[in-house]
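Next comes coords_34.cif, a file with mmCIF, N, CA and C atoms.
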data_work
#
loop_
_atom_site.label_atom_id
_atom_site.label_comp_id
_atom_site.auth_asym_id
_atom_site.auth_seq_id
_atom_site.Cartn_x
_atom_site.Cartn_y
_atom_site.Cartn_z
N LYS A 180 -0.23 -34.18 -14.13
CA LYS A 180 0.66 -33.59 -13.13
C LYS A 180 1.70 -32.73 -13.85
N VAL A 181 1.99 -31.59 -13.26
CA VAL A 181 2.96 -30.66 -13.83
C VAL A 181 4.36 -31.04 -13.36
N LYS A 182 5.27 -31.07 -14.31
CA LYS A 182 6.66 -31.38 -13.97
C LYS A 182 7.32 -30.12 -13.38
N LYS A 183 7.86 -30.24 -12.17
CA LYS A 183 8.49 -29.11 -11.50
C LYS A 183 9.92 -28.93 -12.00
N LYS A 184 10.31 -27.66 -12.14
CA LYS A 184 11.67 -27.32 -12.52
C LYS A 184 12.49 -27.05 -11.26
N HIS A 185 13.70 -27.50 -11.27
CA HIS A 185 14.55 -27.37 -10.09
C HIS A 185 14.95 -25.92 -9.81
N ASN A 186 15.08 -25.09 -10.84
CA ASN A 186 15.52 -23.71 -10.65
C ASN A 186 14.36 -22.71 -10.65
N CYS A 187 13.13 -23.18 -10.53
CA CYS A 187 11.94 -22.31 -10.55
C CYS A 187 11.52 -21.95 -9.12
N GLN A 188 11.46 -20.65 -8.82
CA GLN A 188 11.07 -20.18 -7.49
C GLN A 188 9.64 -20.59 -7.14
N THR A 189 8.74 -20.50 -8.11
CA THR A 189 7.34 -20.86 -7.86
C THR A 189 7.20 -22.36 -7.61
N CYS A 190 7.87 -23.17 -8.40
CA CYS A 190 7.82 -24.62 -8.18
C CYS A 190 8.38 -25.00 -6.81
N ALA A 191 9.30 -24.18 -6.30
CA ALA A 191 9.89 -24.42 -4.99
C ALA A 191 9.00 -23.90 -3.86
N GLY A 192 7.85 -23.28 -4.22
CA GLY A 192 6.93 -22.79 -3.21
C GLY A 192 7.15 -21.36 -2.78
N ASN A 193 7.99 -20.62 -3.50
CA ASN A 193 8.24 -19.20 -3.20
C ASN A 193 7.36 -18.34 -4.10
N PHE A 194 6.25 -17.86 -3.57
CA PHE A 194 5.29 -17.08 -4.34
C PHE A 194 5.52 -15.59 -4.09
N ASN A 195 6.63 -15.08 -4.63
CA ASN A 195 7.06 -13.71 -4.34
C ASN A 195 6.06 -12.64 -4.79
N TYR A 196 5.40 -12.82 -5.92
CA TYR A 196 4.42 -11.84 -6.37
C TYR A 196 3.15 -11.89 -5.53
N LEU A 197 2.72 -13.07 -5.16
CA LEU A 197 1.49 -13.21 -4.38
C LEU A 197 1.65 -12.68 -2.95
N ASN A 198 2.82 -12.86 -2.37
CA ASN A 198 2.99 -12.40 -0.99
C ASN A 198 3.55 -10.99 -0.90
N GLY A 199 3.69 -10.30 -2.06
CA GLY A 199 4.05 -8.89 -2.08
C GLY A 199 5.53 -8.58 -1.99
N LYS A 200 6.39 -9.59 -2.04
CA LYS A 200 7.83 -9.32 -1.98
C LYS A 200 8.34 -8.70 -3.28
N ILE A 201 7.69 -9.02 -4.38
CA ILE A 201 8.06 -8.48 -5.70
C ILE A 201 6.79 -7.97 -6.35
N GLY A 202 6.90 -6.89 -7.09
CA GLY A 202 5.75 -6.41 -7.84
C GLY A 202 5.41 -4.97 -7.52
N ASN A 203 4.42 -4.49 -8.23
CA ASN A 203 3.98 -3.12 -8.07
C ASN A 203 3.19 -2.98 -6.78
N ASN A 204 3.56 -2.03 -5.96
CA ASN A 204 2.84 -1.85 -4.71
C ASN A 204 1.82 -0.72 -4.79
N THR A 205 1.47 -0.30 -6.02
CA THR A 205 0.45 0.72 -6.23
C THR A 205 -0.69 0.11 -7.03
N ILE A 206 -1.91 0.26 -6.51
CA ILE A 206 -3.09 -0.30 -7.17
C ILE A 206 -4.10 0.82 -7.38
N LYS A 207 -4.62 0.95 -8.61
CA LYS A 207 -5.69 1.92 -8.88
C LYS A 207 -6.98 1.32 -8.36
N MET A 208 -7.69 2.09 -7.55
CA MET A 208 -8.95 1.65 -6.97
C MET A 208 -10.08 1.88 -7.97
N CYS A 209 -11.05 1.02 -7.96
CA CYS A 209 -12.21 1.14 -8.85
C CYS A 209 -13.11 2.30 -8.40
N GLY A 210 -13.76 2.91 -9.37
CA GLY A 210 -14.81 3.87 -9.06
C GLY A 210 -14.38 5.29 -8.78
N GLY A 211 -13.15 5.62 -8.97
CA GLY A 211 -12.75 7.00 -8.72
C GLY A 211 -11.26 7.20 -8.83
N ASN A 212 -10.85 8.39 -8.50
CA ASN A 212 -9.43 8.74 -8.57
C ASN A 212 -8.77 8.47 -7.23
N ALA A 213 -8.52 7.20 -6.97
CA ALA A 213 -7.88 6.80 -5.73
C ALA A 213 -6.90 5.67 -6.00
N TYR A 214 -5.79 5.69 -5.29
CA TYR A 214 -4.74 4.69 -5.44
C TYR A 214 -4.38 4.16 -4.07
N GLN A 215 -4.18 2.84 -3.99
CA GLN A 215 -3.71 2.22 -2.76
C GLN A 215 -2.23 1.93 -2.92
N ILE A 216 -1.43 2.43 -2.00
CA ILE A 216 0.01 2.20 -2.01
C ILE A 216 0.35 1.44 -0.73
N THR A 217 1.08 0.35 -0.89
CA THR A 217 1.48 -0.46 0.25
C THR A 217 2.94 -0.20 0.55
N GLY A 218 3.22 0.16 1.77
CA GLY A 218 4.59 0.42 2.19
C GLY A 218 4.82 -0.11 3.58
N LYS A 219 5.78 0.48 4.25
CA LYS A 219 6.09 0.04 5.61
C LYS A 219 4.98 0.49 6.56
N LYS A 220 4.88 -0.17 7.70
CA LYS A 220 3.88 0.20 8.70
C LYS A 220 4.14 1.63 9.16
N ILE A 221 3.04 2.34 9.41
CA ILE A 221 3.13 3.74 9.78
C ILE A 221 2.68 3.90 11.23
N ASN A 222 3.47 4.63 12.00
CA ASN A 222 3.15 4.89 13.40
C ASN A 222 2.05 5.96 13.45
N PHE A 223 0.87 5.58 13.88
CA PHE A 223 -0.27 6.51 13.93
C PHE A 223 0.02 7.71 14.84
N ASP A 224 0.80 7.51 15.88
CA ASP A 224 1.09 8.60 16.81
C ASP A 224 1.86 9.73 16.16
N SER A 225 2.58 9.43 15.07
CA SER A 225 3.38 10.45 14.40
C SER A 225 2.55 11.27 13.41
N ILE A 226 1.29 10.90 13.20
CA ILE A 226 0.44 11.60 12.24
C ILE A 226 -0.58 12.44 12.99
N LYS A 227 -0.61 13.72 12.69
CA LYS A 227 -1.53 14.66 13.35
C LYS A 227 -2.55 15.17 12.32
N ASP A 228 -3.57 15.83 12.79
CA ASP A 228 -4.56 16.52 11.95
C ASP A 228 -5.35 15.59 11.04
N PHE A 229 -5.68 14.41 11.51
CA PHE A 229 -6.57 13.53 10.75
C PHE A 229 -7.94 13.54 11.41
N THR A 230 -8.98 13.61 10.61
CA THR A 230 -10.34 13.75 11.10
C THR A 230 -10.83 12.53 11.85
N TYR A 231 -10.58 11.36 11.32
CA TYR A 231 -11.12 10.12 11.89
C TYR A 231 -9.99 9.22 12.34
N ARG A 232 -10.11 8.65 13.52
CA ARG A 232 -9.11 7.70 14.04
C ARG A 232 -9.81 6.49 14.59
N SER A 233 -9.28 5.31 14.28
CA SER A 233 -9.73 4.08 14.91
C SER A 233 -8.51 3.23 15.21
N GLU A 234 -8.74 2.05 15.71
CA GLU A 234 -7.63 1.14 16.01
C GLU A 234 -6.92 0.69 14.74
N TYR A 235 -7.65 0.66 13.61
CA TYR A 235 -7.12 0.08 12.38
C TYR A 235 -6.76 1.10 11.31
N SER A 236 -7.33 2.31 11.40
CA SER A 236 -7.06 3.29 10.34
C SER A 236 -7.25 4.71 10.87
N ILE A 237 -6.66 5.64 10.14
CA ILE A 237 -6.90 7.06 10.35
C ILE A 237 -7.17 7.65 8.98
N SER A 238 -7.95 8.72 8.93
CA SER A 238 -8.27 9.28 7.62
C SER A 238 -8.58 10.76 7.70
N ASN A 239 -8.49 11.40 6.54
CA ASN A 239 -8.97 12.75 6.33
C ASN A 239 -9.56 12.77 4.92
N LYS A 240 -9.77 13.93 4.33
CA LYS A 240 -10.45 13.96 3.03
C LYS A 240 -9.59 13.41 1.88
N ASP A 241 -8.28 13.32 2.04
CA ASP A 241 -7.40 12.88 0.96
C ASP A 241 -6.70 11.55 1.20
N PHE A 242 -6.65 11.09 2.45
CA PHE A 242 -5.90 9.88 2.78
C PHE A 242 -6.71 8.97 3.69
N ILE A 243 -6.53 7.66 3.51
CA ILE A 243 -6.93 6.68 4.50
C ILE A 243 -5.67 5.86 4.77
N VAL A 244 -5.23 5.86 6.00
CA VAL A 244 -3.99 5.17 6.38
C VAL A 244 -4.37 3.98 7.26
N PHE A 245 -3.94 2.79 6.87
CA PHE A 245 -4.23 1.57 7.62
C PHE A 245 -3.01 1.17 8.44
N ASN A 246 -3.26 0.47 9.53
CA ASN A 246 -2.15 0.12 10.43
C ASN A 246 -1.25 -0.98 9.88
N ASP A 247 -1.59 -1.57 8.73
CA ASP A 247 -0.71 -2.58 8.14
C ASP A 247 0.21 -2.01 7.06
N GLY A 248 0.20 -0.68 6.86
CA GLY A 248 1.10 -0.05 5.90
C GLY A 248 0.43 0.40 4.62
N ARG A 249 -0.84 0.09 4.43
CA ARG A 249 -1.54 0.53 3.22
C ARG A 249 -2.02 1.96 3.40
N VAL A 250 -1.96 2.74 2.30
CA VAL A 250 -2.48 4.10 2.30
C VAL A 250 -3.30 4.26 1.02
N VAL A 251 -4.55 4.71 1.16
CA VAL A 251 -5.37 5.04 0.01
C VAL A 251 -5.32 6.55 -0.14
N ILE A 252 -4.95 6.99 -1.36
CA ILE A 252 -4.74 8.41 -1.63
C ILE A 252 -5.65 8.85 -2.76
N LYS A 253 -6.40 9.94 -2.56
CA LYS A 253 -7.18 10.52 -3.64
C LYS A 253 -6.22 11.32 -4.51
N SER A 254 -6.19 10.98 -5.80
CA SER A 254 -5.27 11.65 -6.71
C SER A 254 -5.74 11.46 -8.14
N SER A 255 -5.37 12.38 -9.01
CA SER A 255 -5.78 12.31 -10.41
C SER A 255 -4.91 11.36 -11.22
N SER A 256 -3.75 10.96 -10.69
CA SER A 256 -2.87 10.04 -11.42
C SER A 256 -2.01 9.24 -10.45
N GLU A 257 -1.49 8.12 -10.94
CA GLU A 257 -0.60 7.31 -10.10
C GLU A 257 0.65 8.08 -9.74
N LYS A 258 1.16 8.85 -10.69
CA LYS A 258 2.37 9.64 -10.45
C LYS A 258 2.15 10.62 -9.28
N ASN A 259 1.03 11.33 -9.30
CA ASN A 259 0.74 12.28 -8.22
C ASN A 259 0.50 11.56 -6.89
N ALA A 260 -0.13 10.39 -6.93
CA ALA A 260 -0.34 9.61 -5.71
C ALA A 260 1.00 9.21 -5.10
N ARG A 261 1.95 8.78 -5.93
CA ARG A 261 3.28 8.40 -5.44
C ARG A 261 4.00 9.62 -4.84
N ILE A 262 3.84 10.78 -5.48
CA ILE A 262 4.47 12.00 -4.97
C ILE A 262 3.91 12.34 -3.59
N LEU A 263 2.59 12.28 -3.44
CA LEU A 263 1.97 12.56 -2.14
C LEU A 263 2.39 11.54 -1.09
N TYR A 264 2.42 10.26 -1.47
CA TYR A 264 2.84 9.22 -0.54
C TYR A 264 4.27 9.49 -0.06
N ASN A 265 5.17 9.77 -0.99
CA ASN A 265 6.56 10.01 -0.63
C ASN A 265 6.72 11.26 0.23
N ARG A 266 5.91 12.27 -0.03
CA ARG A 266 5.99 13.51 0.75
C ARG A 266 5.53 13.31 2.18
N PHE A 267 4.45 12.57 2.38
CA PHE A 267 3.85 12.47 3.71
C PHE A 267 4.16 11.19 4.48
N PHE A 268 4.54 10.11 3.78
CA PHE A 268 4.65 8.82 4.47
C PHE A 268 5.99 8.11 4.29
N SER A 269 6.92 8.69 3.58
CA SER A 269 8.23 8.03 3.40
C SER A 269 9.26 8.56 4.36
#
What would you get if you wrote out this structure as structure tokens?
Amino acid sequence: KVKKKHNCQTCAGNFNYLNGKIGNNTIKMCGGNAYQITGKKINFDSIKDFTYRSEYSISNKDFIVFNDGRVVIKSSSEKNARILYNRFFS
């Protein structure tokens, strides 16, 4: 049995990295130049000119936007993906 520390957030049951409260919200996707960025929920009604729309996502050739706040962006680098995200979704 592991001895729990009184001042340890994880031992107290607070899994901040696992539940996304702390940590990097940008993930490089496998198999290509795409990055998933997790942010605040996005109102689909405020986004125009997307080719495909469903209840859960909207997309065009460069973005897939999910209704839970995730956006997959085609980009050559994480830096450029963050720039595009901030330009269009922040």
Can you list, as a short mmCIF file (atom, residue, chain, number, x, y, z; two decimals) with N, CA and C atoms, in the coordinates of the input, the residues that the PyMOL selection byres ((chain A and resi 221-226) around 8) selects here?
data_model
loop_
_atom_site.label_atom_id
_atom_site.label_comp_id
_atom_site.auth_asym_id
_atom_site.auth_seq_id
_atom_site.Cartn_x
_atom_site.Cartn_y
_atom_site.Cartn_z
N GLY A 218 3.22 0.16 1.77
CA GLY A 218 4.59 0.42 2.19
C GLY A 218 4.82 -0.11 3.58
N LYS A 219 5.78 0.48 4.25
CA LYS A 219 6.09 0.04 5.61
C LYS A 219 4.98 0.49 6.56
N LYS A 220 4.88 -0.17 7.70
CA LYS A 220 3.88 0.20 8.70
C LYS A 220 4.14 1.63 9.16
N LYS A 227 -0.61 13.72 12.69
CA LYS A 227 -1.53 14.66 13.35
C LYS A 227 -2.55 15.17 12.32
N ASP A 228 -3.57 15.83 12.79
CA ASP A 228 -4.56 16.52 11.95
C ASP A 228 -5.35 15.59 11.04
N PHE A 229 -5.68 14.41 11.51
CA PHE A 229 -6.57 13.53 10.75
C PHE A 229 -7.94 13.54 11.41
N SER A 236 -7.33 2.31 11.40
CA SER A 236 -7.06 3.29 10.34
C SER A 236 -7.25 4.71 10.87
N ILE A 237 -6.66 5.64 10.14
CA ILE A 237 -6.90 7.06 10.35
C ILE A 237 -7.17 7.65 8.98
N VAL A 244 -5.23 5.86 6.00
CA VAL A 244 -3.99 5.17 6.38
C VAL A 244 -4.37 3.98 7.26
N PHE A 245 -3.94 2.79 6.87
CA PHE A 245 -4.23 1.57 7.62
C PHE A 245 -3.01 1.17 8.44
N ASN A 246 -3.26 0.47 9.53
CA ASN A 246 -2.15 0.12 10.43
C ASN A 246 -1.25 -0.98 9.88
N ASP A 247 -1.59 -1.57 8.73
CA ASP A 247 -0.71 -2.58 8.14
C ASP A 247 0.21 -2.01 7.06
N GLY A 248 0.20 -0.68 6.86
CA GLY A 248 1.10 -0.05 5.90
C GLY A 248 0.43 0.40 4.62
N ARG A 249 -0.84 0.09 4.43
CA ARG A 249 -1.54 0.53 3.22
C ARG A 249 -2.02 1.96 3.40
N PHE A 268 4.54 10.11 3.78
CA PHE A 268 4.65 8.82 4.47
C PHE A 268 5.99 8.11 4.29
#
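Interatomic distance, atom C of A:Asn265 against atom N of A:Lys240: 17.2 Å.
Computed from the coordinates, the atom N of A:Asn212 to atom C of A:Ile243 distance equals 14.5 Å.
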Would you write out, as a tab-separated table, a table of all residues in stretch 203-244 of chain A that have an atom no more than 5 Å from an atom of stretch 252-257 of chain A, listing for each the closest atom pair and the distance in Å to one decimal, considering only N, CA and C atoms and ordering rows by chain and rising residue number?
residue	atom	partner	partner_atom	distance
A:Asn212	C	A:Ser254	N	3.9
A:Ala213	CA	A:Ile252	C	4.2
A:Tyr214	C	A:Ile252	N	4.0
A:Gln215	N	A:Ile252	N	5.0
A:Asp241	C	A:Lys253	N	4.1
A:Phe242	CA	A:Ile252	CA	4.8
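One distance worth recording is that between atom N of A:Ile216 and atom N of A:Val251, which is 5.0 Å.
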To test the calculation: enclose all listed atoms of stretch 216-221 of chain A in a box whose edges run along x, y and z, add 6 Å on each side, then state centre and edge lengths in Å to one decimal, as JSON.
{"center_x": 2.3, "center_y": 1.7, "center_z": 4.6, "size_x": 19.5, "size_y": 16.4, "size_z": 25.2}
As a PDB file with N, CA and C atoms, keeping the file's coordinate frame, which residues of chain A does DSSP assign to strand (DSSP E or B)?
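See states-v5.pdb below for the written result:
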ATOM      1  N   THR A 205       1.470  -0.300  -6.020  1.00  0.00           N
ATOM      2  CA  THR A 205       0.450   0.720  -6.230  1.00  0.00           C
ATOM      3  C   THR A 205      -0.690   0.110  -7.030  1.00  0.00           C
ATOM      4  N   ILE A 206      -1.910   0.260  -6.510  1.00  0.00           N
ATOM      5  CA  ILE A 206      -3.090  -0.300  -7.170  1.00  0.00           C
ATOM      6  C   ILE A 206      -4.100   0.820  -7.380  1.00  0.00           C
ATOM      7  N   LYS A 207      -4.620   0.950  -8.610  1.00  0.00           N
ATOM      8  CA  LYS A 207      -5.690   1.920  -8.880  1.00  0.00           C
ATOM      9  C   LYS A 207      -6.980   1.320  -8.360  1.00  0.00           C
ATOM     10  N   ALA A 213      -8.520   7.200  -6.970  1.00  0.00           N
ATOM     11  CA  ALA A 213      -7.880   6.800  -5.730  1.00  0.00           C
ATOM     12  C   ALA A 213      -6.900   5.670  -6.000  1.00  0.00           C
ATOM     13  N   TYR A 214      -5.790   5.690  -5.290  1.00  0.00           N
ATOM     14  CA  TYR A 214      -4.740   4.690  -5.440  1.00  0.00           C
ATOM     15  C   TYR A 214      -4.380   4.160  -4.070  1.00  0.00           C
ATOM     16  N   GLN A 215      -4.180   2.840  -3.990  1.00  0.00           N
ATOM     17  CA  GLN A 215      -3.710   2.220  -2.760  1.00  0.00           C
ATOM     18  C   GLN A 215      -2.230   1.930  -2.920  1.00  0.00           C
ATOM     19  N   ILE A 216      -1.430   2.430  -2.000  1.00  0.00           N
ATOM     20  CA  ILE A 216       0.010   2.200  -2.010  1.00  0.00           C
ATOM     21  C   ILE A 216       0.350   1.440  -0.730  1.00  0.00           C
ATOM     22  N   THR A 217       1.080   0.350  -0.890  1.00  0.00           N
ATOM     23  CA  THR A 217       1.480  -0.460   0.250  1.00  0.00           C
ATOM     24  C   THR A 217       2.940  -0.200   0.550  1.00  0.00           C
ATOM     25  N   TYR A 231     -10.580  11.360  11.320  1.00  0.00           N
ATOM     26  CA  TYR A 231     -11.120  10.120  11.890  1.00  0.00           C
ATOM     27  C   TYR A 231      -9.990   9.220  12.340  1.00  0.00           C
ATOM     28  N   ARG A 232     -10.110   8.650  13.520  1.00  0.00           N
ATOM     29  CA  ARG A 232      -9.110   7.700  14.040  1.00  0.00           C
ATOM     30  C   ARG A 232      -9.810   6.490  14.590  1.00  0.00           C
ATOM     31  N   SER A 236      -7.330   2.310  11.400  1.00  0.00           N
ATOM     32  CA  SER A 236      -7.060   3.290  10.340  1.00  0.00           C
ATOM     33  C   SER A 236      -7.250   4.710  10.870  1.00  0.00           C
ATOM     34  N   ILE A 237      -6.660   5.640  10.140  1.00  0.00           N
ATOM     35  CA  ILE A 237      -6.900   7.060  10.350  1.00  0.00           C
ATOM     36  C   ILE A 237      -7.170   7.650   8.980  1.00  0.00           C
ATOM     37  N   SER A 238      -7.950   8.720   8.930  1.00  0.00           N
ATOM     38  CA  SER A 238      -8.270   9.280   7.620  1.00  0.00           C
ATOM     39  C   SER A 238      -8.580  10.760   7.700  1.00  0.00           C
ATOM     40  N   PHE A 242      -6.650  11.090   2.450  1.00  0.00           N
ATOM     41  CA  PHE A 242      -5.900   9.880   2.780  1.00  0.00           C
ATOM     42  C   PHE A 242      -6.710   8.970   3.690  1.00  0.00           C
ATOM     43  N   ILE A 243      -6.530   7.660   3.510  1.00  0.00           N
ATOM     44  CA  ILE A 243      -6.930   6.680   4.500  1.00  0.00           C
ATOM     45  C   ILE A 243      -5.670   5.860   4.770  1.00  0.00           C
ATOM     46  N   VAL A 244      -5.230   5.860   6.000  1.00  0.00           N
ATOM     47  CA  VAL A 244      -3.990   5.170   6.380  1.00  0.00           C
ATOM     48  C   VAL A 244      -4.370   3.980   7.260  1.00  0.00           C
ATOM     49  N   PHE A 245      -3.940   2.790   6.870  1.00  0.00           N
ATOM     50  CA  PHE A 245      -4.230   1.570   7.620  1.00  0.00           C
ATOM     51  C   PHE A 245      -3.010   1.170   8.440  1.00  0.00           C
ATOM     52  N   ARG A 249      -0.840   0.090   4.430  1.00  0.00           N
ATOM     53  CA  ARG A 249      -1.540   0.530   3.220  1.00  0.00           C
ATOM     54  C   ARG A 249      -2.020   1.960   3.400  1.00  0.00           C
ATOM     55  N   VAL A 250      -1.960   2.740   2.300  1.00  0.00           N
ATOM     56  CA  VAL A 250      -2.480   4.100   2.300  1.00  0.00           C
ATOM     57  C   VAL A 250      -3.300   4.260   1.020  1.00  0.00           C
ATOM     58  N   VAL A 251      -4.550   4.710   1.160  1.00  0.00           N
ATOM     59  CA  VAL A 251      -5.370   5.040   0.010  1.00  0.00           C
ATOM     60  C   VAL A 251      -5.320   6.550  -0.140  1.00  0.00           C
ATOM     61  N   ILE A 252      -4.950   6.990  -1.360  1.00  0.00           N
ATOM     62  CA  ILE A 252      -4.740   8.410  -1.630  1.00  0.00           C
ATOM     63  C   ILE A 252      -5.650   8.850  -2.760  1.00  0.00           C
ATOM     64  N   LYS A 253      -6.400   9.940  -2.560  1.00  0.00           N
ATOM     65  CA  LYS A 253      -7.180  10.520  -3.640  1.00  0.00           C
ATOM     66  C   LYS A 253      -6.220  11.320  -4.510  1.00  0.00           C
TER      67      LYS A 253
END
Mind filling out stretch 227-236 of chain A with all heavy atoms and sending it as a PDB file, keeping the file's coordinate frame?
ATOM      1  N   LYS A 227      -0.610  13.720  12.690  1.00  0.00           N
ATOM      2  CA  LYS A 227      -1.530  14.660  13.350  1.00  0.00           C
ATOM      3  C   LYS A 227      -2.550  15.170  12.320  1.00  0.00           C
ATOM      4  O   LYS A 227      -2.398  14.983  11.119  1.00  0.00           O
ATOM      5  CB  LYS A 227      -0.756  15.854  13.922  1.00  0.00           C
ATOM      6  CG  LYS A 227       0.402  15.464  14.820  1.00  0.00           C
ATOM      7  CD  LYS A 227      -0.067  14.791  16.090  1.00  0.00           C
ATOM      8  CE  LYS A 227       1.117  14.467  16.978  1.00  0.00           C
ATOM      9  NZ  LYS A 227       0.952  13.277  17.739  1.00  0.00           N
ATOM     10  N   ASP A 228      -3.570  15.830  12.790  1.00  0.00           N
ATOM     11  CA  ASP A 228      -4.560  16.520  11.950  1.00  0.00           C
ATOM     12  C   ASP A 228      -5.350  15.590  11.040  1.00  0.00           C
ATOM     13  O   ASP A 228      -5.646  15.944   9.906  1.00  0.00           O
ATOM     14  CB  ASP A 228      -3.895  17.621  11.111  1.00  0.00           C
ATOM     15  CG  ASP A 228      -3.238  18.676  11.974  1.00  0.00           C
ATOM     16  OD1 ASP A 228      -3.759  18.942  13.075  1.00  0.00           O
ATOM     17  OD2 ASP A 228      -2.207  19.217  11.561  1.00  0.00           O
ATOM     18  N   PHE A 229      -5.680  14.410  11.510  1.00  0.00           N
ATOM     19  CA  PHE A 229      -6.570  13.530  10.750  1.00  0.00           C
ATOM     20  C   PHE A 229      -7.940  13.540  11.410  1.00  0.00           C
ATOM     21  O   PHE A 229      -8.050  13.514  12.640  1.00  0.00           O
ATOM     22  CB  PHE A 229      -6.004  12.105  10.670  1.00  0.00           C
ATOM     23  CG  PHE A 229      -5.064  11.923   9.516  1.00  0.00           C
ATOM     24  CD1 PHE A 229      -3.819  12.527   9.500  1.00  0.00           C
ATOM     25  CD2 PHE A 229      -5.437  11.155   8.432  1.00  0.00           C
ATOM     26  CE1 PHE A 229      -2.963  12.365   8.439  1.00  0.00           C
ATOM     27  CE2 PHE A 229      -4.577  10.983   7.350  1.00  0.00           C
ATOM     28  CZ  PHE A 229      -3.339  11.593   7.357  1.00  0.00           C
ATOM     29  N   THR A 230      -8.980  13.610  10.610  1.00  0.00           N
ATOM     30  CA  THR A 230     -10.340  13.750  11.100  1.00  0.00           C
ATOM     31  C   THR A 230     -10.830  12.530  11.850  1.00  0.00           C
ATOM     32  O   THR A 230     -11.450  12.634  12.899  1.00  0.00           O
ATOM     33  CB  THR A 230     -11.293  14.022   9.910  1.00  0.00           C
ATOM     34  OG1 THR A 230     -10.784  15.130   9.180  1.00  0.00           O
ATOM     35  CG2 THR A 230     -12.694  14.321  10.368  1.00  0.00           C
ATOM     36  N   TYR A 231     -10.580  11.360  11.320  1.00  0.00           N
ATOM     37  CA  TYR A 231     -11.120  10.120  11.890  1.00  0.00           C
ATOM     38  C   TYR A 231      -9.990   9.220  12.340  1.00  0.00           C
ATOM     39  O   TYR A 231      -9.018   9.029  11.615  1.00  0.00           O
ATOM     40  CB  TYR A 231     -11.979   9.406  10.840  1.00  0.00           C
ATOM     41  CG  TYR A 231     -12.494   8.074  11.299  1.00  0.00           C
ATOM     42  CD1 TYR A 231     -13.572   7.981  12.171  1.00  0.00           C
ATOM     43  CD2 TYR A 231     -11.873   6.901  10.890  1.00  0.00           C
ATOM     44  CE1 TYR A 231     -14.028   6.746  12.615  1.00  0.00           C
ATOM     45  CE2 TYR A 231     -12.326   5.667  11.324  1.00  0.00           C
ATOM     46  CZ  TYR A 231     -13.401   5.602  12.183  1.00  0.00           C
ATOM     47  OH  TYR A 231     -13.834   4.384  12.624  1.00  0.00           O
ATOM     48  N   ARG A 232     -10.110   8.650  13.520  1.00  0.00           N
ATOM     49  CA  ARG A 232      -9.110   7.700  14.040  1.00  0.00           C
ATOM     50  C   ARG A 232      -9.810   6.490  14.590  1.00  0.00           C
ATOM     51  O   ARG A 232     -10.815   6.602  15.288  1.00  0.00           O
ATOM     52  CB  ARG A 232      -8.287   8.332  15.160  1.00  0.00           C
ATOM     53  CG  ARG A 232      -7.321   9.375  14.706  1.00  0.00           C
ATOM     54  CD  ARG A 232      -6.510   9.908  15.894  1.00  0.00           C
ATOM     55  NE  ARG A 232      -5.499  10.820  15.417  1.00  0.00           N
ATOM     56  CZ  ARG A 232      -4.244  10.453  15.145  1.00  0.00           C
ATOM     57  NH1 ARG A 232      -3.854   9.229  15.353  1.00  0.00           N
ATOM     58  NH2 ARG A 232      -3.386  11.330  14.688  1.00  0.00           N
ATOM     59  N   SER A 233      -9.280   5.310  14.280  1.00  0.00           N
ATOM     60  CA  SER A 233      -9.730   4.080  14.910  1.00  0.00           C
ATOM     61  C   SER A 233      -8.510   3.230  15.210  1.00  0.00           C
ATOM     62  O   SER A 233      -7.383   3.631  14.938  1.00  0.00           O
ATOM     63  CB  SER A 233     -10.700   3.318  13.984  1.00  0.00           C
ATOM     64  OG  SER A 233     -10.001   2.614  12.986  1.00  0.00           O
ATOM     65  N   GLU A 234      -8.740   2.050  15.710  1.00  0.00           N
ATOM     66  CA  GLU A 234      -7.630   1.140  16.010  1.00  0.00           C
ATOM     67  C   GLU A 234      -6.920   0.690  14.740  1.00  0.00           C
ATOM     68  O   GLU A 234      -5.733   0.400  14.747  1.00  0.00           O
ATOM     69  CB  GLU A 234      -8.191  -0.070  16.755  1.00  0.00           C
ATOM     70  CG  GLU A 234      -7.158  -1.089  17.160  1.00  0.00           C
ATOM     71  CD  GLU A 234      -7.785  -2.262  17.904  1.00  0.00           C
ATOM     72  OE1 GLU A 234      -8.962  -2.178  18.301  1.00  0.00           O
ATOM     73  OE2 GLU A 234      -7.078  -3.259  18.076  1.00  0.00           O
ATOM     74  N   TYR A 235      -7.650   0.660  13.610  1.00  0.00           N
ATOM     75  CA  TYR A 235      -7.120   0.080  12.380  1.00  0.00           C
ATOM     76  C   TYR A 235      -6.760   1.100  11.310  1.00  0.00           C
ATOM     77  O   TYR A 235      -6.029   0.795  10.377  1.00  0.00           O
ATOM     78  CB  TYR A 235      -8.117  -0.913  11.798  1.00  0.00           C
ATOM     79  CG  TYR A 235      -8.510  -1.963  12.789  1.00  0.00           C
ATOM     80  CD1 TYR A 235      -9.731  -1.923  13.439  1.00  0.00           C
ATOM     81  CD2 TYR A 235      -7.630  -2.988  13.125  1.00  0.00           C
ATOM     82  CE1 TYR A 235     -10.088  -2.877  14.365  1.00  0.00           C
ATOM     83  CE2 TYR A 235      -7.974  -3.942  14.056  1.00  0.00           C
ATOM     84  CZ  TYR A 235      -9.201  -3.888  14.673  1.00  0.00           C
ATOM     85  OH  TYR A 235      -9.532  -4.834  15.596  1.00  0.00           O
ATOM     86  N   SER A 236      -7.330   2.310  11.400  1.00  0.00           N
ATOM     87  CA  SER A 236      -7.060   3.290  10.340  1.00  0.00           C
ATOM     88  C   SER A 236      -7.250   4.710  10.870  1.00  0.00           C
ATOM     89  O   SER A 236      -7.896   4.926  11.884  1.00  0.00           O
ATOM     90  CB  SER A 236      -7.981   3.066   9.145  1.00  0.00           C
ATOM     91  OG  SER A 236      -9.319   3.361   9.483  1.00  0.00           O
TER      92      SER A 236
END
